[in-house]
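Here's the structure we're looking at; comments come further down.
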Amino acid sequence: DLDPILADLGRAWRIAQFSHKPFPAGRANHGGIEGVMVLREKHGFTAGDVDRVEVVAPPLIARLVGRKLAPNVTAAYARLCMGYVIAKVLQSGTLDLADFRGNALAYPETHALAGRVECRSDGNPDPNALAPQAVVVHLRNGTSLRWNCTTMLGSPARPITREAHLQKYYRCCSFAAEPLAPEAPARLVDAIDRLEQLEDVGLLLPLIAGRRG
């Protein structure tokens with residue numbers, strides 16, 4: 001039924017309704033990642049204090065990332081494994097692109113922690129729902145800490161800050177297979193901020209072409 005789409009032409013700008021991924025993992029993991037980050041920062045526990053972690057989320061989340069961590073895990077698999085990403089957050093308080101490279105994928109301590117993470121469905125009848133979600137961290141002292149999410153961070157209704165956006169951007173630039181020229185990342189930010197005033201968007205291409213470009 002195209003009528004609703006056609007009726008919104010010129011009034012609803014879909015590009016402004018995109019979500020941004022705050023963390024370098026599958027979007028379905030982001031509720032679990034944020035929940036553990038928030039609880040860890042607020043309550044000050046360490047990975048060694050944690051007995052187990054529960055993530056209760058819509059069926060789509062459980063189906064996409066509720067997988068067990070494989071022994072010889074690849075980066076692609078780890079990015080879609082709730083146990084793996086939560087284990088990394090428990091260990092360092094954050095999740096970084098470097099967590100999906102080389103020896104970082106095989107740390108025994110990470111795999112042991114991942115085995116204590118459970119992601120299960122809440123029975124939500126909406127097959128496309130990403131929220132609500134609940135993250136419960138059970139500590140070894142018997143305390144249970146809970147975090148609830150009704151809107152995913154990075155969605156249009158709950159956007160990330162410009163500071164967080166740029167921090168992620170510059171970190172991604174540092175991982176480019178073909179390094180960018182030293183001044184290119186900052187110049188690209190400036191150009192995108194003025195995108196509507198650019199006479200020729202082709203001016204962006206040299207900035208993202210790498211040093212050889």
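Every chain in the structure tokens has a letter given in the order shown (A, B, ...), and although residue numbers restart at 1 in each chain, ligands are simply numbered from 1 in the order shown.
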
For range 96-125 of chain A against range 55-62 of chain A, with a cut-off of 8 Å and counting only C-alpha atoms, what is the closest atom pair and its distance in Å to one decimal for every residue that makes the cut, ordered by chain and number, as a tab-separated table?
residue	atom	partner	partner_atom	distance
A:Val117	CA	A:Val55	CA	7.8
A:Glu118	CA	A:Val55	CA	6.2
A:Cys119	CA	A:Val55	CA	4.6
A:Arg120	CA	A:Val56	CA	5.2
A:Ser121	CA	A:Pro59	CA	4.7
A:Asp122	CA	A:Ala57	CA	5.4
A:Gly123	CA	A:Pro59	CA	6.2
A:Asn124	CA	A:Pro58	CA	5.2

Do you know which residues are at most 10 Å from range 39-46 of chain A counting only C-alpha atoms, after dropping those on the same chain fewer than 2 positions away, and could you put them as a PyMOL selection string?
-> chain A and resi 34-37+48-50+89-93+135-137+139+145-147

Return as a PyMOL selection string the full set of residues in chain A whose backbone-based DSSP assignment is helix (DSSP H, G or I).
-> chain A and resi 3-8+14-17+27-43+47-49+59-65+75-78+82-92+97-100+102-106+108-114+162-173+184-193+195-197+201-208

Find the residues near Leu180 in chain A: any atom within 12 Å, counting only C-alpha atoms, skip ones fewer than 6 places away on the same chain, and give them as a ChimeraX atom specification.
-> /A:170,172-174,186-188,205-213

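For the set A:Leu64, A:Ala114, A:Ala157, A:Ala28, the residue with the smallest atom-to-atom gap to Ala87 in chain A is A:Ala114, counting only C-alpha atoms.
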
For CA of Phe175 in chain A and CA of Asp99 in chain A, determine how far apart the two atoms are, in Å to one decimal place.
-> 12.4 Å

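Our summary of the geometry notes that CA of Gly83 in chain A is positioned 6.6 Å from CA of Gly115 in chain A.
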
CA of Tyr169 in chain A and CA of Pro185 in chain A, how far apart in Å?
-> 8.5 Å

7 Å contact set for range 148-154 of chain A, only C-alpha atoms, chain neighbours under 3 positions out, as a list in words |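 Contacts, with the query itself left out: Ser19, His20, Lys21, Pro22, Gly31, Ala131, Pro132, Gln133, Ala134, Val135, Arg158, Pro159 and Ile160 of chain A.
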
Serialized selection, all heavy atoms, as a CSV table (one decimal), in the first residue's frame:
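Generated output (again.csv):
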chain,number,residue,atom,x,y,z
A,19,SER,N,18.5,5.1,12.9
A,19,SER,CA,19.1,4.9,14.2
A,19,SER,C,20.6,4.8,14.0
A,19,SER,O,21.1,4.4,12.9
A,19,SER,CB,18.7,3.6,14.8
A,19,SER,OG,17.3,3.6,15.2
A,20,HIS,N,21.4,5.2,15.0
A,20,HIS,CA,22.8,5.1,15.0
A,20,HIS,C,23.2,4.1,16.0
A,20,HIS,O,22.7,4.0,17.1
A,20,HIS,CB,23.5,6.5,15.4
A,20,HIS,CG,23.3,7.5,14.3
A,20,HIS,ND1,24.3,8.0,13.5
A,20,HIS,CD2,22.2,8.3,14.0
A,20,HIS,CE1,23.9,8.9,12.7
A,20,HIS,NE2,22.6,9.1,13.0
A,21,LYS,N,24.2,3.3,15.6
A,21,LYS,CA,24.7,2.2,16.5
A,21,LYS,C,25.8,2.8,17.5
A,21,LYS,O,26.9,3.1,17.0
A,21,LYS,CB,25.3,1.1,15.7
A,21,LYS,CG,24.2,0.2,15.0
A,21,LYS,CD,24.9,-0.8,14.1
A,21,LYS,CE,25.9,-1.7,14.9
A,21,LYS,NZ,26.5,-2.8,14.0
A,22,PRO,N,25.5,2.9,18.7
A,22,PRO,CA,26.6,3.5,19.6
A,22,PRO,C,27.7,2.5,19.8
A,22,PRO,O,28.9,2.9,20.1
A,22,PRO,CB,25.8,3.7,21.0
A,22,PRO,CG,24.4,3.6,20.6
A,22,PRO,CD,24.3,2.7,19.4
A,31,GLY,N,21.0,-3.2,23.9
A,31,GLY,CA,20.3,-3.1,25.2
A,31,GLY,C,21.1,-3.8,26.3
A,31,GLY,O,21.3,-3.2,27.4
A,131,ALA,N,12.5,-3.5,21.9
A,131,ALA,CA,12.3,-3.1,23.3
A,131,ALA,C,10.8,-3.4,23.6
A,131,ALA,O,10.0,-3.5,22.7
A,131,ALA,CB,12.7,-1.7,23.5
A,132,PRO,N,10.5,-3.5,25.0
A,132,PRO,CA,11.4,-3.2,26.1
A,132,PRO,C,12.4,-4.3,26.4
A,132,PRO,O,12.2,-5.5,26.0
A,132,PRO,CB,10.4,-3.0,27.3
A,132,PRO,CG,9.2,-3.9,26.9
A,132,PRO,CD,9.2,-3.7,25.4
A,133,GLN,N,13.4,-4.0,27.1
A,133,GLN,CA,14.4,-5.0,27.6
A,133,GLN,C,14.7,-4.8,29.1
A,133,GLN,O,14.6,-3.6,29.6
A,133,GLN,CB,15.7,-4.9,26.8
A,133,GLN,CG,15.6,-5.2,25.3
A,133,GLN,CD,16.9,-5.3,24.6
A,133,GLN,OE1,17.9,-5.7,25.2
A,133,GLN,NE2,16.9,-4.8,23.4
A,134,ALA,N,15.1,-5.8,29.7
A,134,ALA,CA,15.6,-5.7,31.1
A,134,ALA,C,16.9,-6.5,31.2
A,134,ALA,O,17.1,-7.5,30.6
A,134,ALA,CB,14.6,-6.4,32.0
A,135,VAL,N,17.9,-5.9,31.9
A,135,VAL,CA,19.2,-6.5,32.2
A,135,VAL,C,19.3,-6.6,33.7
A,135,VAL,O,19.1,-5.7,34.5
A,135,VAL,CB,20.3,-5.6,31.7
A,135,VAL,CG1,21.7,-6.2,32.0
A,135,VAL,CG2,20.2,-5.4,30.2
A,158,ARG,N,15.8,8.6,21.0
A,158,ARG,CA,16.8,8.7,22.0
A,158,ARG,C,18.2,8.7,21.4
A,158,ARG,O,19.0,7.8,21.5
A,158,ARG,CB,16.7,7.5,23.0
A,158,ARG,CG,17.4,7.6,24.3
A,158,ARG,CD,17.1,6.4,25.2
A,158,ARG,NE,18.1,6.3,26.2
A,158,ARG,CZ,18.8,5.2,26.5
A,158,ARG,NH1,18.6,4.1,25.9
A,158,ARG,NH2,19.7,5.2,27.5
A,159,PRO,N,18.5,9.8,20.8
A,159,PRO,CA,19.7,9.9,20.0
A,159,PRO,C,21.0,10.0,20.9
A,159,PRO,O,20.9,10.4,22.0
A,159,PRO,CB,19.6,11.2,19.2
A,159,PRO,CG,18.6,12.0,20.0
A,159,PRO,CD,17.7,11.1,20.6
A,160,ILE,N,22.1,9.5,20.3
A,160,ILE,CA,23.4,9.7,21.1
A,160,ILE,C,23.8,11.1,20.9
A,160,ILE,O,23.4,11.9,20.1
A,160,ILE,CB,24.4,8.7,20.5
A,160,ILE,CG1,24.7,9.0,19.0
A,160,ILE,CG2,24.0,7.3,20.7
A,160,ILE,CD1,25.9,8.2,18.5

DSSP strand (DSSP E) residues within range 2-190 of chain A, as JSON, numbers by chain = {"A": [50, 51, 52, 53, 54, 55, 56, 57, 117, 118, 119, 120, 121, 133, 134, 135, 136, 137, 138, 139, 144, 145, 146, 147, 148, 149]}

A:Ser144, A:Pro24, A:Asp96, A:Pro125: which is nearest Glu54 in chain A, counting only C-alpha atoms?
->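 Nearest candidate to Glu54 in chain A out of A:Ser144, A:Pro24, A:Asp96, A:Pro125: A:Ser144.
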